[in-house]
Amino acid sequence: MAPPGVTPELVPISVAKLANEFSHVPEKFMLAEGGRPLTVFDNYSKEVPVISLKGIDSESERSRIVAEIGHACAEWGIFQITDHDVSTDIMNRMLEITMAFFNLPLEEKIKYAGKAGSFPVGYASGSHRPDDSLLDWRELFVHRCLPKSIRETEYETWPEKPDGYRKTLTEYSDTMDRLMTLLLGLVSESLGLPTNYIKNVGGGEQSEQKILFNYYPKCPQPDRTLGLRDHTDYGSLTVLQQNGIGGLQVCKEDTDTWFAVEPIPGALTCNLGDQIHVLSNGKYRSVEHHVVVNSNHTRLSLATFANPSRKSLMGPAPELISETNPAKYRNYTFEDYLPIGFAMKTRKAYDAVLLEGATE
(Lines give C-alpha, C1' and ligand atoms only; values in the text may rest on other atoms or scores of the structure.)
Protein backbone atom coordinates (compact mmCIF):
# COMPACT_ATOMS: atom_id res chain seq x y z
CA MET A 1 0.00 0.00 0.00
CA ALA A 2 1.27 3.47 -0.81
CA PRO A 3 1.84 5.99 1.98
CA PRO A 4 -1.18 8.12 2.89
CA GLY A 5 -1.84 11.19 0.81
CA VAL A 6 -0.20 14.48 1.65
CA THR A 7 -2.32 16.90 3.65
CA PRO A 8 -0.30 20.10 3.99
CA GLU A 9 -2.79 21.69 6.39
CA LEU A 10 -1.55 19.31 9.10
CA VAL A 11 2.05 20.36 8.42
CA PRO A 12 1.69 24.15 8.18
CA ILE A 13 5.38 24.62 8.86
CA SER A 14 8.36 22.47 9.81
CA VAL A 15 9.34 23.22 13.40
CA ALA A 16 12.74 21.62 12.76
CA LYS A 17 13.28 24.05 9.88
CA LEU A 18 12.29 27.00 12.08
CA ALA A 19 14.77 25.87 14.73
CA ASN A 20 17.58 25.95 12.19
CA GLU A 21 16.68 29.22 10.47
CA PHE A 22 15.06 31.56 13.03
CA SER A 23 16.47 33.45 16.02
CA HIS A 24 12.99 34.11 17.42
CA VAL A 25 9.73 32.23 17.94
CA PRO A 26 7.11 33.08 15.28
CA GLU A 27 3.86 34.59 16.53
CA LYS A 28 1.93 31.39 15.76
CA PHE A 29 3.86 29.67 18.59
CA MET A 30 3.94 32.59 21.03
CA LEU A 31 2.10 32.15 24.33
CA ALA A 32 0.41 35.03 26.12
CA GLU A 33 2.29 36.43 29.10
CA GLY A 34 0.29 34.52 31.73
CA GLY A 35 0.67 31.18 29.97
CA ARG A 36 4.42 31.07 29.58
CA PRO A 37 6.52 28.47 31.45
CA LEU A 38 7.88 29.50 34.84
CA THR A 39 10.15 26.52 35.55
CA VAL A 40 13.13 25.73 33.31
CA PHE A 41 13.43 22.30 31.74
CA ASP A 42 16.22 20.94 33.99
CA ASN A 43 15.21 22.27 37.41
CA TYR A 44 14.22 18.75 38.40
CA SER A 45 12.03 17.89 41.36
CA LYS A 46 12.98 15.03 43.67
CA GLU A 47 9.38 14.73 44.88
CA VAL A 48 7.88 12.82 41.94
CA PRO A 49 7.64 9.18 43.16
CA VAL A 50 10.12 6.60 41.82
CA ILE A 51 9.03 2.97 42.29
CA SER A 52 11.19 -0.11 41.78
CA LEU A 53 9.40 -3.16 40.31
CA LYS A 54 12.18 -5.44 41.54
CA GLY A 55 10.85 -8.64 43.06
CA ILE A 56 7.34 -8.17 41.71
CA ASP A 57 6.83 -11.94 41.47
CA SER A 58 7.13 -12.30 45.24
CA GLU A 59 4.02 -11.73 47.35
CA SER A 60 5.67 -9.36 49.82
CA GLU A 61 7.33 -7.21 47.16
CA ARG A 62 4.15 -7.05 45.07
CA SER A 63 2.28 -5.78 48.15
CA ARG A 64 4.91 -3.06 48.57
CA ILE A 65 4.72 -2.08 44.90
CA VAL A 66 0.90 -1.98 44.93
CA ALA A 67 0.92 0.24 48.04
CA GLU A 68 3.50 2.61 46.56
CA ILE A 69 1.60 2.86 43.28
CA GLY A 70 -1.67 3.54 45.12
CA HIS A 71 -0.08 6.36 47.09
CA ALA A 72 1.52 7.86 43.96
CA CYS A 73 -1.77 7.68 42.02
CA ALA A 74 -3.71 9.41 44.80
CA GLU A 75 -1.13 12.11 45.55
CA TRP A 76 0.37 12.77 42.12
CA GLY A 77 -1.19 10.80 39.29
CA ILE A 78 2.34 10.14 38.07
CA PHE A 79 5.31 7.99 39.06
CA GLN A 80 8.48 6.63 37.52
CA ILE A 81 9.36 2.93 37.42
CA THR A 82 12.76 1.26 37.52
CA ASP A 83 13.70 -2.44 37.35
CA HIS A 84 11.07 -3.12 34.69
CA ASP A 85 11.30 -5.76 31.96
CA VAL A 86 11.59 -3.44 28.95
CA SER A 87 15.09 -4.11 27.65
CA THR A 88 17.64 -1.37 27.10
CA ASP A 89 18.12 -2.82 23.62
CA ILE A 90 14.57 -2.23 22.36
CA MET A 91 14.40 1.16 24.11
CA ASN A 92 17.59 2.33 22.41
CA ARG A 93 16.65 0.93 18.99
CA MET A 94 13.25 2.63 19.09
CA LEU A 95 14.83 5.96 20.06
CA GLU A 96 17.44 5.70 17.30
CA ILE A 97 14.95 4.86 14.56
CA THR A 98 12.53 7.56 15.71
CA MET A 99 15.28 10.20 15.70
CA ALA A 100 16.35 9.03 12.26
CA PHE A 101 12.80 9.51 10.96
CA PHE A 102 12.54 13.08 12.25
CA ASN A 103 15.93 13.85 10.72
CA LEU A 104 14.66 12.90 7.25
CA PRO A 105 13.96 15.69 4.73
CA LEU A 106 10.52 17.28 5.11
CA GLU A 107 9.44 16.00 1.68
CA GLU A 108 9.93 12.44 2.95
CA LYS A 109 8.18 12.98 6.30
CA ILE A 110 5.23 14.76 4.75
CA LYS A 111 4.34 11.60 2.78
CA TYR A 112 2.94 10.33 6.08
CA ALA A 113 1.05 13.46 7.12
CA GLY A 114 -2.23 12.92 8.93
CA LYS A 115 -5.53 13.51 7.18
CA ALA A 116 -7.61 16.46 8.29
CA GLY A 117 -10.93 15.52 9.88
CA SER A 118 -9.93 11.96 10.72
CA PHE A 119 -8.65 10.39 13.93
CA PRO A 120 -5.20 11.94 14.44
CA VAL A 121 -2.81 9.40 12.95
CA GLY A 122 0.42 10.12 11.10
CA TYR A 123 3.01 12.87 10.94
CA ALA A 124 2.33 16.49 11.86
CA SER A 125 4.30 19.59 12.80
CA GLY A 126 3.14 22.15 15.34
CA SER A 127 -0.23 20.45 15.82
CA HIS A 128 -2.36 17.60 14.50
CA ARG A 129 -5.40 19.89 14.63
CA PRO A 130 -5.75 21.88 11.39
CA ASP A 131 -7.79 24.63 13.10
CA ASP A 132 -5.31 25.33 15.91
CA SER A 133 -4.66 29.05 16.34
CA LEU A 134 -1.64 28.30 18.54
CA LEU A 135 1.08 25.80 17.65
CA ASP A 136 3.37 23.70 19.83
CA TRP A 137 7.14 23.67 19.36
CA ARG A 138 7.28 20.05 18.23
CA GLU A 139 6.96 17.60 15.38
CA LEU A 140 5.07 14.39 16.04
CA PHE A 141 3.96 11.04 14.66
CA VAL A 142 0.90 9.17 15.96
CA HIS A 143 0.48 5.41 15.44
CA ARG A 144 -2.44 3.16 16.31
CA CYS A 145 -0.83 -0.18 17.13
CA LEU A 146 -3.40 -2.35 18.94
CA PRO A 147 -5.65 -4.28 18.84
CA LYS A 148 -3.99 -6.39 16.16
CA SER A 149 -6.90 -5.81 13.78
CA ILE A 150 -5.96 -2.10 13.72
CA ARG A 151 -2.26 -2.87 13.33
CA GLU A 152 -2.98 -5.14 10.36
CA THR A 153 -4.95 -2.33 8.72
CA GLU A 154 -2.42 0.44 9.36
CA TYR A 155 0.93 -1.38 9.25
CA GLU A 156 1.51 -0.58 5.58
CA THR A 157 0.97 3.12 6.25
CA TRP A 158 3.87 3.24 8.72
CA PRO A 159 7.11 4.72 7.36
CA GLU A 160 9.41 2.51 5.32
CA LYS A 161 12.34 4.77 6.10
CA PRO A 162 14.53 4.48 8.02
CA ASP A 163 15.10 0.74 7.50
CA GLY A 164 13.60 -1.36 10.25
CA TYR A 165 11.04 1.23 11.38
CA ARG A 166 7.99 -1.03 11.02
CA LYS A 167 9.61 -4.11 12.52
CA THR A 168 11.05 -2.21 15.47
CA LEU A 169 7.77 -0.42 16.18
CA THR A 170 5.92 -3.76 16.17
CA GLU A 171 8.37 -5.21 18.69
CA TYR A 172 8.20 -2.08 20.82
CA SER A 173 4.38 -2.09 20.74
CA ASP A 174 4.17 -5.70 21.94
CA THR A 175 6.76 -5.09 24.66
CA MET A 176 4.96 -2.01 25.96
CA ASP A 177 1.61 -3.81 25.85
CA ARG A 178 2.92 -6.44 28.26
CA LEU A 179 4.25 -3.76 30.60
CA MET A 180 1.06 -1.73 30.52
CA THR A 181 -1.11 -4.78 31.20
CA LEU A 182 1.04 -5.37 34.29
CA LEU A 183 0.75 -1.73 35.38
CA LEU A 184 -3.02 -1.60 34.88
CA GLY A 185 -3.22 -4.71 37.03
CA LEU A 186 -1.20 -3.09 39.80
CA VAL A 187 -3.37 0.04 39.69
CA SER A 188 -6.50 -2.16 39.86
CA GLU A 189 -5.15 -4.01 42.89
CA SER A 190 -4.29 -0.73 44.60
CA LEU A 191 -7.97 0.24 44.35
CA GLY A 192 -9.00 -3.09 45.91
CA LEU A 193 -10.28 -4.38 42.57
CA PRO A 194 -9.41 -7.64 40.76
CA THR A 195 -6.12 -7.54 38.85
CA ASN A 196 -7.71 -7.52 35.38
CA TYR A 197 -10.50 -5.08 36.28
CA ILE A 198 -9.30 -1.94 34.50
CA LYS A 199 -8.06 -3.88 31.46
CA ASN A 200 -11.38 -5.72 31.13
CA VAL A 201 -13.54 -2.60 31.60
CA GLY A 202 -11.58 -1.06 28.74
CA GLY A 203 -12.30 -3.90 26.35
CA GLY A 204 -9.73 -6.54 27.32
CA GLU A 205 -7.80 -7.69 24.27
CA GLN A 206 -9.79 -5.22 22.15
CA SER A 207 -8.53 -2.23 24.12
CA GLU A 208 -6.49 0.21 22.06
CA GLN A 209 -2.86 1.18 22.10
CA LYS A 210 -1.62 4.44 20.61
CA ILE A 211 2.08 5.30 20.34
CA LEU A 212 3.08 8.93 19.92
CA PHE A 213 6.59 10.06 18.97
CA ASN A 214 7.40 13.67 19.93
CA TYR A 215 10.38 15.58 18.54
CA TYR A 216 11.16 18.89 20.25
CA PRO A 217 13.92 20.83 18.41
CA LYS A 218 16.11 23.39 20.12
CA CYS A 219 14.15 26.61 20.54
CA PRO A 220 15.56 30.15 20.25
CA GLN A 221 13.14 31.53 22.88
CA PRO A 222 12.09 28.65 25.16
CA ASP A 223 10.53 31.02 27.70
CA ARG A 224 7.87 32.13 25.19
CA THR A 225 6.40 28.87 23.95
CA LEU A 226 5.73 25.27 24.97
CA GLY A 227 6.54 21.97 23.32
CA LEU A 228 3.09 20.77 24.37
CA ARG A 229 0.42 22.80 26.11
CA ASP A 230 -1.26 22.07 29.48
CA HIS A 231 -3.56 19.04 29.29
CA THR A 232 -4.55 15.73 30.82
CA ASP A 233 -4.40 12.49 28.81
CA TYR A 234 -7.84 11.27 27.78
CA GLY A 235 -7.08 7.53 27.96
CA SER A 236 -6.33 5.22 30.88
CA LEU A 237 -2.55 5.12 31.28
CA THR A 238 0.49 6.63 29.56
CA VAL A 239 4.05 5.30 29.74
CA LEU A 240 6.75 7.69 28.55
CA GLN A 241 10.31 7.01 27.41
CA GLN A 242 12.71 9.96 26.98
CA ASN A 243 16.11 10.48 25.40
CA GLY A 244 17.72 11.88 28.54
CA ILE A 245 16.66 15.50 27.97
CA GLY A 246 14.13 16.92 30.41
CA GLY A 247 11.00 18.88 29.53
CA LEU A 248 8.00 17.10 31.05
CA GLN A 249 6.42 19.09 33.89
CA VAL A 250 3.42 18.16 36.01
CA CYS A 251 1.06 20.24 38.10
CA LYS A 252 0.30 18.63 41.44
CA GLU A 253 -3.40 18.74 42.27
CA ASP A 254 -4.49 21.73 44.36
CA THR A 255 -1.02 23.32 44.42
CA ASP A 256 -0.90 25.15 41.07
CA THR A 257 2.84 24.42 41.17
CA TRP A 258 4.72 22.87 38.26
CA PHE A 259 7.30 20.16 38.97
CA ALA A 260 9.96 19.19 36.42
CA VAL A 261 10.20 15.41 36.01
CA GLU A 262 13.78 14.14 35.93
CA PRO A 263 14.62 11.81 32.99
CA ILE A 264 16.24 9.07 35.09
CA PRO A 265 18.39 6.78 32.91
CA GLY A 266 16.55 3.53 32.18
CA ALA A 267 13.38 4.61 34.00
CA LEU A 268 9.94 4.95 32.43
CA THR A 269 7.45 7.62 33.45
CA CYS A 270 3.84 6.53 34.06
CA ASN A 271 0.93 8.92 34.33
CA LEU A 272 -2.76 8.28 34.79
CA GLY A 273 -5.30 9.45 32.26
CA ASP A 274 -8.89 10.62 32.56
CA GLN A 275 -10.44 7.14 32.44
CA ILE A 276 -8.74 5.94 35.63
CA HIS A 277 -9.52 9.28 37.28
CA VAL A 278 -13.22 8.71 36.53
CA LEU A 279 -13.16 4.96 37.27
CA SER A 280 -11.67 5.68 40.72
CA ASN A 281 -14.37 8.34 41.27
CA GLY A 282 -11.70 10.98 41.62
CA LYS A 283 -9.59 9.13 44.20
CA TYR A 284 -6.75 8.87 41.69
CA ARG A 285 -5.53 11.82 39.65
CA SER A 286 -5.33 12.33 35.92
CA VAL A 287 -2.30 14.55 36.16
CA GLU A 288 -2.16 17.84 34.30
CA HIS A 289 1.11 18.22 32.43
CA HIS A 290 2.92 20.12 29.71
CA VAL A 291 6.32 20.09 28.00
CA VAL A 292 8.85 22.92 28.06
CA VAL A 293 11.65 23.25 25.51
CA ASN A 294 15.19 24.58 25.70
CA SER A 295 17.75 26.33 23.51
CA ASN A 296 20.61 23.83 23.77
CA HIS A 297 19.23 20.32 23.30
CA THR A 298 16.76 18.47 21.08
CA ARG A 299 14.36 16.32 23.10
CA LEU A 300 12.72 13.10 21.93
CA SER A 301 9.96 11.26 23.76
CA LEU A 302 8.03 8.07 23.01
CA ALA A 303 4.59 7.97 24.65
CA THR A 304 2.56 4.75 24.74
CA PHE A 305 -1.12 5.11 25.62
CA ALA A 306 -3.38 2.36 26.95
CA ASN A 307 -6.89 3.40 25.92
CA PRO A 308 -10.28 1.66 26.20
CA SER A 309 -11.93 0.30 23.08
CA ARG A 310 -14.35 2.71 21.44
CA LYS A 311 -17.50 0.92 22.65
CA SER A 312 -16.32 0.44 26.25
CA LEU A 313 -18.74 1.80 28.84
CA MET A 314 -16.78 3.99 31.21
CA GLY A 315 -17.68 5.59 34.53
CA PRO A 316 -17.01 5.16 38.26
CA ALA A 317 -16.46 1.50 39.24
CA PRO A 318 -19.67 0.37 41.02
CA GLU A 319 -17.52 -1.50 43.55
CA LEU A 320 -16.10 1.84 44.74
CA ILE A 321 -19.45 3.65 45.07
CA SER A 322 -21.32 3.86 48.37
CA GLU A 323 -23.57 6.17 50.37
CA THR A 324 -20.50 7.89 51.73
CA ASN A 325 -18.78 7.94 48.34
CA PRO A 326 -21.51 8.65 45.76
CA ALA A 327 -20.69 8.73 42.05
CA LYS A 328 -19.25 12.04 40.88
CA TYR A 329 -19.22 11.25 37.17
CA ARG A 330 -21.79 10.02 34.66
CA ASN A 331 -21.38 6.91 32.55
CA TYR A 332 -20.44 7.24 28.87
CA THR A 333 -18.78 5.30 26.09
CA PHE A 334 -15.14 5.98 25.36
CA GLU A 335 -16.21 6.81 21.80
CA ASP A 336 -18.33 9.65 23.18
CA TYR A 337 -15.45 10.87 25.33
CA LEU A 338 -12.90 11.05 22.51
CA PRO A 339 -14.13 14.37 21.04
CA ILE A 340 -14.04 15.88 24.55
CA GLY A 341 -10.47 14.80 25.17
CA PHE A 342 -9.25 15.55 21.67
CA ALA A 343 -10.69 19.08 21.68
CA MET A 344 -8.51 20.14 24.65
CA LYS A 345 -10.96 22.98 25.36
CA THR A 346 -10.30 22.82 29.10
CA ARG A 347 -7.25 21.94 31.17
CA LYS A 348 -9.15 19.00 32.72
CA ALA A 349 -11.35 17.30 30.14
CA TYR A 350 -12.95 14.97 32.71
CA ASP A 351 -14.84 17.96 34.15
CA ALA A 352 -17.16 17.54 31.16
CA VAL A 353 -18.57 14.30 32.63
CA LEU A 354 -18.90 15.57 36.21
CA LEU A 355 -22.44 15.04 37.50
CA GLU A 356 -24.47 18.14 38.34
CA GLY A 357 -23.86 19.16 41.93
CA ALA A 358 -20.80 16.92 42.32
CA THR A 359 -17.45 18.43 43.24
CA GLU A 360 -13.91 17.21 42.81
# chains A, B, ... in the order shown; residues from 1 in each chain; ligands from 1
$ closest_atom_pairs --of "stretch 204-299 of chain A" --to "stretch 95-114 of chain A" --cutoff "8 Å" --atoms "only C-alpha atoms" --output "Markdown table"
| residue | atom | partner | partner_atom | distance |
| --- | --- | --- | --- | --- |
| A:Phe213 | CA | A:Thr98 | CA | 7.2 |
| A:Tyr215 | CA | A:Phe102 | CA | 7.1 |
| A:Asn243 | CA | A:Leu95 | CA | 7.1 |
$ write_last_selection --atoms "N, CA and C atoms" --output "PDB file, in the first residue's frame"
ATOM      1  N   PHE A 213       5.201   9.615  18.949  1.00  0.00           N
ATOM      2  CA  PHE A 213       6.595  10.061  18.973  1.00  0.00           C
ATOM      3  C   PHE A 213       6.615  11.579  18.912  1.00  0.00           C
ATOM      4  N   TYR A 215       9.039  15.044  18.839  1.00  0.00           N
ATOM      5  CA  TYR A 215      10.376  15.575  18.537  1.00  0.00           C
ATOM      6  C   TYR A 215      10.349  17.072  18.822  1.00  0.00           C
ATOM      7  N   ASN A 243      14.738  10.651  25.872  1.00  0.00           N
ATOM      8  CA  ASN A 243      16.109  10.483  25.399  1.00  0.00           C
ATOM      9  C   ASN A 243      17.150  11.093  26.338  1.00  0.00           C
TER      10      ASN A 243
END
$ residues_around --residues "stretch 252-263 of chain A" --least-positions-apart "3" --cutoff "6 Å" --atoms "only C-alpha atoms" --output "PyMOL selection string"
chain A and resi 44-45+76+244+246+248-249
$ write_last_selection --atoms "N, CA, C and O atoms" --output "PDB file, in the first residue's frame"
ATOM      1  N   TYR A  44      14.980  19.950  38.108  1.00  0.00           N
ATOM      2  CA  TYR A  44      14.222  18.749  38.397  1.00  0.00           C
ATOM      3  C   TYR A  44      13.778  18.655  39.850  1.00  0.00           C
ATOM      4  O   TYR A  44      14.518  18.989  40.780  1.00  0.00           O
ATOM      5  N   SER A  45      12.567  18.148  40.026  1.00  0.00           N
ATOM      6  CA  SER A  45      12.032  17.894  41.358  1.00  0.00           C
ATOM      7  C   SER A  45      12.424  16.482  41.802  1.00  0.00           C
ATOM      8  O   SER A  45      12.438  15.554  40.999  1.00  0.00           O
ATOM      9  N   TRP A  76      -0.255  12.142  43.284  1.00  0.00           N
ATOM     10  CA  TRP A  76       0.370  12.772  42.124  1.00  0.00           C
ATOM     11  C   TRP A  76      -0.314  12.457  40.795  1.00  0.00           C
ATOM     12  O   TRP A  76      -0.396  13.315  39.924  1.00  0.00           O
ATOM     13  N   GLY A 244      16.780  11.343  27.574  1.00  0.00           N
ATOM     14  CA  GLY A 244      17.725  11.884  28.539  1.00  0.00           C
ATOM     15  C   GLY A 244      17.663  13.389  28.700  1.00  0.00           C
ATOM     16  O   GLY A 244      18.341  13.950  29.559  1.00  0.00           O
ATOM     17  N   GLY A 246      15.345  16.611  29.672  1.00  0.00           N
ATOM     18  CA  GLY A 246      14.129  16.924  30.405  1.00  0.00           C
ATOM     19  C   GLY A 246      13.200  17.846  29.623  1.00  0.00           C
ATOM     20  O   GLY A 246      13.551  18.406  28.592  1.00  0.00           O
ATOM     21  N   LEU A 248       9.319  17.398  30.497  1.00  0.00           N
ATOM     22  CA  LEU A 248       8.001  17.095  31.054  1.00  0.00           C
ATOM     23  C   LEU A 248       7.859  17.761  32.421  1.00  0.00           C
ATOM     24  O   LEU A 248       8.733  17.637  33.288  1.00  0.00           O
ATOM     25  N   GLN A 249       6.737  18.475  32.602  1.00  0.00           N
ATOM     26  CA  GLN A 249       6.423  19.087  33.886  1.00  0.00           C
ATOM     27  C   GLN A 249       4.986  18.760  34.252  1.00  0.00           C
ATOM     28  O   GLN A 249       4.111  18.700  33.382  1.00  0.00           O
TER      29      GLN A 249
END
$ closest_residue --among "A:Ile81, A:Leu191, A:Val15, A:Ala317" --to "A:Ile51" --atoms "only C-alpha atoms"
A:Ile81
$ atom_distance --atom1 "atom CA of A:Arg64" --atom2 "atom CA of A:Ile78"
17.1 Å
$ closest_residue --among "A:Leu355, A:Met314, A:Ala124, A:Met176" --to "A:Ala16" --atoms "only C-alpha atoms"
A:Ala124
$ closest_residue --among "A:Gly192, A:Gly227, A:Gly185, A:Gly202" --to "A:Ser312" --atoms "only C-alpha atoms"
A:Gly202
$ closest_atom_pairs --of "stretch 218-319 of chain A" --to "stretch 132-139 of chain A" --cutoff "8 Å" --atoms "only C-alpha atoms" --output "tab-separated table"
residue	atom	partner	partner_atom	distance
A:Cys219	CA	A:Trp137	CA	7.7
A:Thr225	CA	A:Trp137	CA	7.0
A:Leu226	CA	A:Asp136	CA	5.9
A:Gly227	CA	A:Trp137	CA	4.3
A:Leu228	CA	A:Asp136	CA	5.4
A:Arg229	CA	A:Asp136	CA	7.0
A:Val293	CA	A:Trp137	CA	7.6
$ closest_residue --among "A:Asn331, A:Ser14, A:Ser149, A:Ser87" --to "A:Val278" --atoms "only C-alpha atoms"
A:Asn331
$ atom_distance --atom1 "atom CA of A:Ile150" --atom2 "atom CA of A:Val86"
23.3 Å
$ decode --residues "stretch 33-74 of chain A" --atoms "N, CA and C atoms" --output "mmCIF file, in the first residue's frame"
data_model
loop_
_atom_site.group_PDB
_atom_site.id
_atom_site.type_symbol
_atom_site.label_atom_id
_atom_site.label_comp_id
_atom_site.auth_asym_id
_atom_site.auth_seq_id
_atom_site.Cartn_x
_atom_site.Cartn_y
_atom_site.Cartn_z
ATOM 1 N N GLU A 33 1.435 36.244 27.934
ATOM 2 C CA GLU A 33 2.294 36.434 29.104
ATOM 3 C C GLU A 33 1.955 35.474 30.249
ATOM 4 N N GLY A 34 0.681 35.344 30.590
ATOM 5 C CA GLY A 34 0.290 34.521 31.735
ATOM 6 C C GLY A 34 0.425 33.032 31.512
ATOM 7 N N GLY A 35 0.618 32.604 30.263
ATOM 8 C CA GLY A 35 0.673 31.178 29.973
ATOM 9 C C GLY A 35 2.063 30.642 29.714
ATOM 10 N N ARG A 36 3.053 31.494 29.887
ATOM 11 C CA ARG A 36 4.423 31.069 29.580
ATOM 12 C C ARG A 36 5.026 30.254 30.717
ATOM 13 N N PRO A 37 5.950 29.344 30.416
ATOM 14 C CA PRO A 37 6.521 28.474 31.452
ATOM 15 C C PRO A 37 7.321 29.259 32.478
ATOM 16 N N LEU A 38 7.196 28.829 33.742
ATOM 17 C CA LEU A 38 7.878 29.505 34.839
ATOM 18 C C LEU A 38 9.069 28.705 35.359
ATOM 19 N N THR A 39 9.089 27.402 35.069
ATOM 20 C CA THR A 39 10.153 26.521 35.545
ATOM 21 C C THR A 39 10.967 26.040 34.358
ATOM 22 N N VAL A 40 12.286 26.148 34.421
ATOM 23 C CA VAL A 40 13.131 25.729 33.306
ATOM 24 C C VAL A 40 13.154 24.208 33.210
ATOM 25 N N PHE A 41 13.575 23.713 32.058
ATOM 26 C CA PHE A 41 13.432 22.300 31.738
ATOM 27 C C PHE A 41 14.220 21.379 32.663
ATOM 28 N N ASP A 42 15.353 21.828 33.217
ATOM 29 C CA ASP A 42 16.218 20.940 33.987
ATOM 30 C C ASP A 42 16.284 21.269 35.475
ATOM 31 N N ASN A 43 15.303 22.012 35.974
ATOM 32 C CA ASN A 43 15.212 22.265 37.414
ATOM 33 C C ASN A 43 14.371 21.144 38.032
ATOM 34 N N TYR A 44 14.980 19.950 38.108
ATOM 35 C CA TYR A 44 14.222 18.749 38.397
ATOM 36 C C TYR A 44 13.778 18.655 39.850
ATOM 37 N N SER A 45 12.567 18.148 40.026
ATOM 38 C CA SER A 45 12.032 17.894 41.358
ATOM 39 C C SER A 45 12.424 16.482 41.802
ATOM 40 N N LYS A 46 12.705 16.345 43.080
ATOM 41 C CA LYS A 46 12.977 15.033 43.670
ATOM 42 C C LYS A 46 11.733 14.462 44.343
ATOM 43 N N GLU A 47 10.598 15.152 44.199
ATOM 44 C CA GLU A 47 9.376 14.732 44.879
ATOM 45 C C GLU A 47 8.542 13.740 44.081
ATOM 46 N N VAL A 48 8.678 13.737 42.759
ATOM 47 C CA VAL A 48 7.883 12.815 41.943
ATOM 48 C C VAL A 48 8.277 11.382 42.309
ATOM 49 N N PRO A 49 7.314 10.519 42.671
ATOM 50 C CA PRO A 49 7.643 9.176 43.156
ATOM 51 C C PRO A 49 8.395 8.330 42.128
ATOM 52 N N VAL A 50 9.384 7.572 42.618
ATOM 53 C CA VAL A 50 10.123 6.600 41.816
ATOM 54 C C VAL A 50 9.930 5.246 42.486
ATOM 55 N N ILE A 51 9.419 4.268 41.723
ATOM 56 C CA ILE A 51 9.033 2.971 42.287
ATOM 57 C C ILE A 51 9.794 1.857 41.572
ATOM 58 N N SER A 52 10.484 1.039 42.339
ATOM 59 C CA SER A 52 11.187 -0.113 41.780
ATOM 60 C C SER A 52 10.222 -1.293 41.666
ATOM 61 N N LEU A 53 10.225 -1.955 40.507
ATOM 62 C CA LEU A 53 9.403 -3.156 40.312
ATOM 63 C C LEU A 53 10.184 -4.429 40.635
ATOM 64 N N LYS A 54 11.353 -4.280 41.217
ATOM 65 C CA LYS A 54 12.184 -5.443 41.535
ATOM 66 C C LYS A 54 11.460 -6.369 42.507
ATOM 67 N N GLY A 55 11.468 -7.652 42.188
ATOM 68 C CA GLY A 55 10.846 -8.645 43.064
ATOM 69 C C GLY A 55 9.350 -8.734 42.940
ATOM 70 N N ILE A 56 8.803 -8.241 41.849
ATOM 71 C CA ILE A 56 7.338 -8.174 41.713
ATOM 72 C C ILE A 56 6.669 -9.541 41.754
ATOM 73 N N ASP A 57 7.424 -10.595 41.464
ATOM 74 C CA ASP A 57 6.832 -11.935 41.474
ATOM 75 C C ASP A 57 6.716 -12.519 42.879
ATOM 76 N N SER A 58 7.290 -11.828 43.865
ATOM 77 C CA SER A 58 7.129 -12.302 45.245
ATOM 78 C C SER A 58 5.951 -11.584 45.885
ATOM 79 N N GLU A 59 5.242 -12.284 46.756
ATOM 80 C CA GLU A 59 4.017 -11.728 47.348
ATOM 81 C C GLU A 59 4.305 -10.478 48.165
ATOM 82 N N SER A 60 5.378 -10.501 48.950
ATOM 83 C CA SER A 60 5.667 -9.358 49.820
ATOM 84 C C SER A 60 6.072 -8.129 49.015
ATOM 85 N N GLU A 61 6.898 -8.343 47.979
ATOM 86 C CA GLU A 61 7.326 -7.208 47.163
ATOM 87 C C GLU A 61 6.177 -6.663 46.330
ATOM 88 N N ARG A 62 5.316 -7.533 45.842
ATOM 89 C CA ARG A 62 4.155 -7.049 45.074
ATOM 90 C C ARG A 62 3.258 -6.187 45.957
ATOM 91 N N SER A 63 3.089 -6.590 47.225
ATOM 92 C CA SER A 63 2.280 -5.784 48.147
ATOM 93 C C SER A 63 2.897 -4.401 48.330
ATOM 94 N N ARG A 64 4.220 -4.359 48.450
ATOM 95 C CA ARG A 64 4.906 -3.056 48.568
ATOM 96 C C ARG A 64 4.676 -2.212 47.339
ATOM 97 N N ILE A 65 4.852 -2.816 46.165
ATOM 98 C CA ILE A 65 4.719 -2.082 44.904
ATOM 99 C C ILE A 65 3.295 -1.554 44.748
ATOM 100 N N VAL A 66 2.305 -2.397 45.046
ATOM 101 C CA VAL A 66 0.903 -1.982 44.934
ATOM 102 C C VAL A 66 0.622 -0.802 45.870
ATOM 103 N N ALA A 67 1.141 -0.860 47.084
ATOM 104 C CA ALA A 67 0.919 0.236 48.040
ATOM 105 C C ALA A 67 1.576 1.524 47.561
ATOM 106 N N GLU A 68 2.804 1.423 47.042
ATOM 107 C CA GLU A 68 3.503 2.612 46.560
ATOM 108 C C GLU A 68 2.803 3.214 45.347
ATOM 109 N N ILE A 69 2.317 2.357 44.456
ATOM 110 C CA ILE A 69 1.597 2.855 43.281
ATOM 111 C C ILE A 69 0.296 3.523 43.696
ATOM 112 N N GLY A 70 -0.426 2.921 44.648
ATOM 113 C CA GLY A 70 -1.667 3.538 45.119
ATOM 114 C C GLY A 70 -1.435 4.910 45.705
ATOM 115 N N HIS A 71 -0.395 5.055 46.494
ATOM 116 C CA HIS A 71 -0.076 6.358 47.088
ATOM 117 C C HIS A 71 0.282 7.373 46.005
ATOM 118 N N ALA A 72 1.105 6.948 45.040
ATOM 119 C CA ALA A 72 1.516 7.861 43.964
ATOM 120 C C ALA A 72 0.324 8.286 43.118
ATOM 121 N N CYS A 73 -0.590 7.363 42.847
ATOM 122 C CA CYS A 73 -1.765 7.684 42.021
ATOM 123 C C CYS A 73 -2.691 8.669 42.720
ATOM 124 N N ALA A 74 -2.829 8.527 44.042
ATOM 125 C CA ALA A 74 -3.713 9.411 44.797
ATOM 126 C C ALA A 74 -3.104 10.791 45.009
#
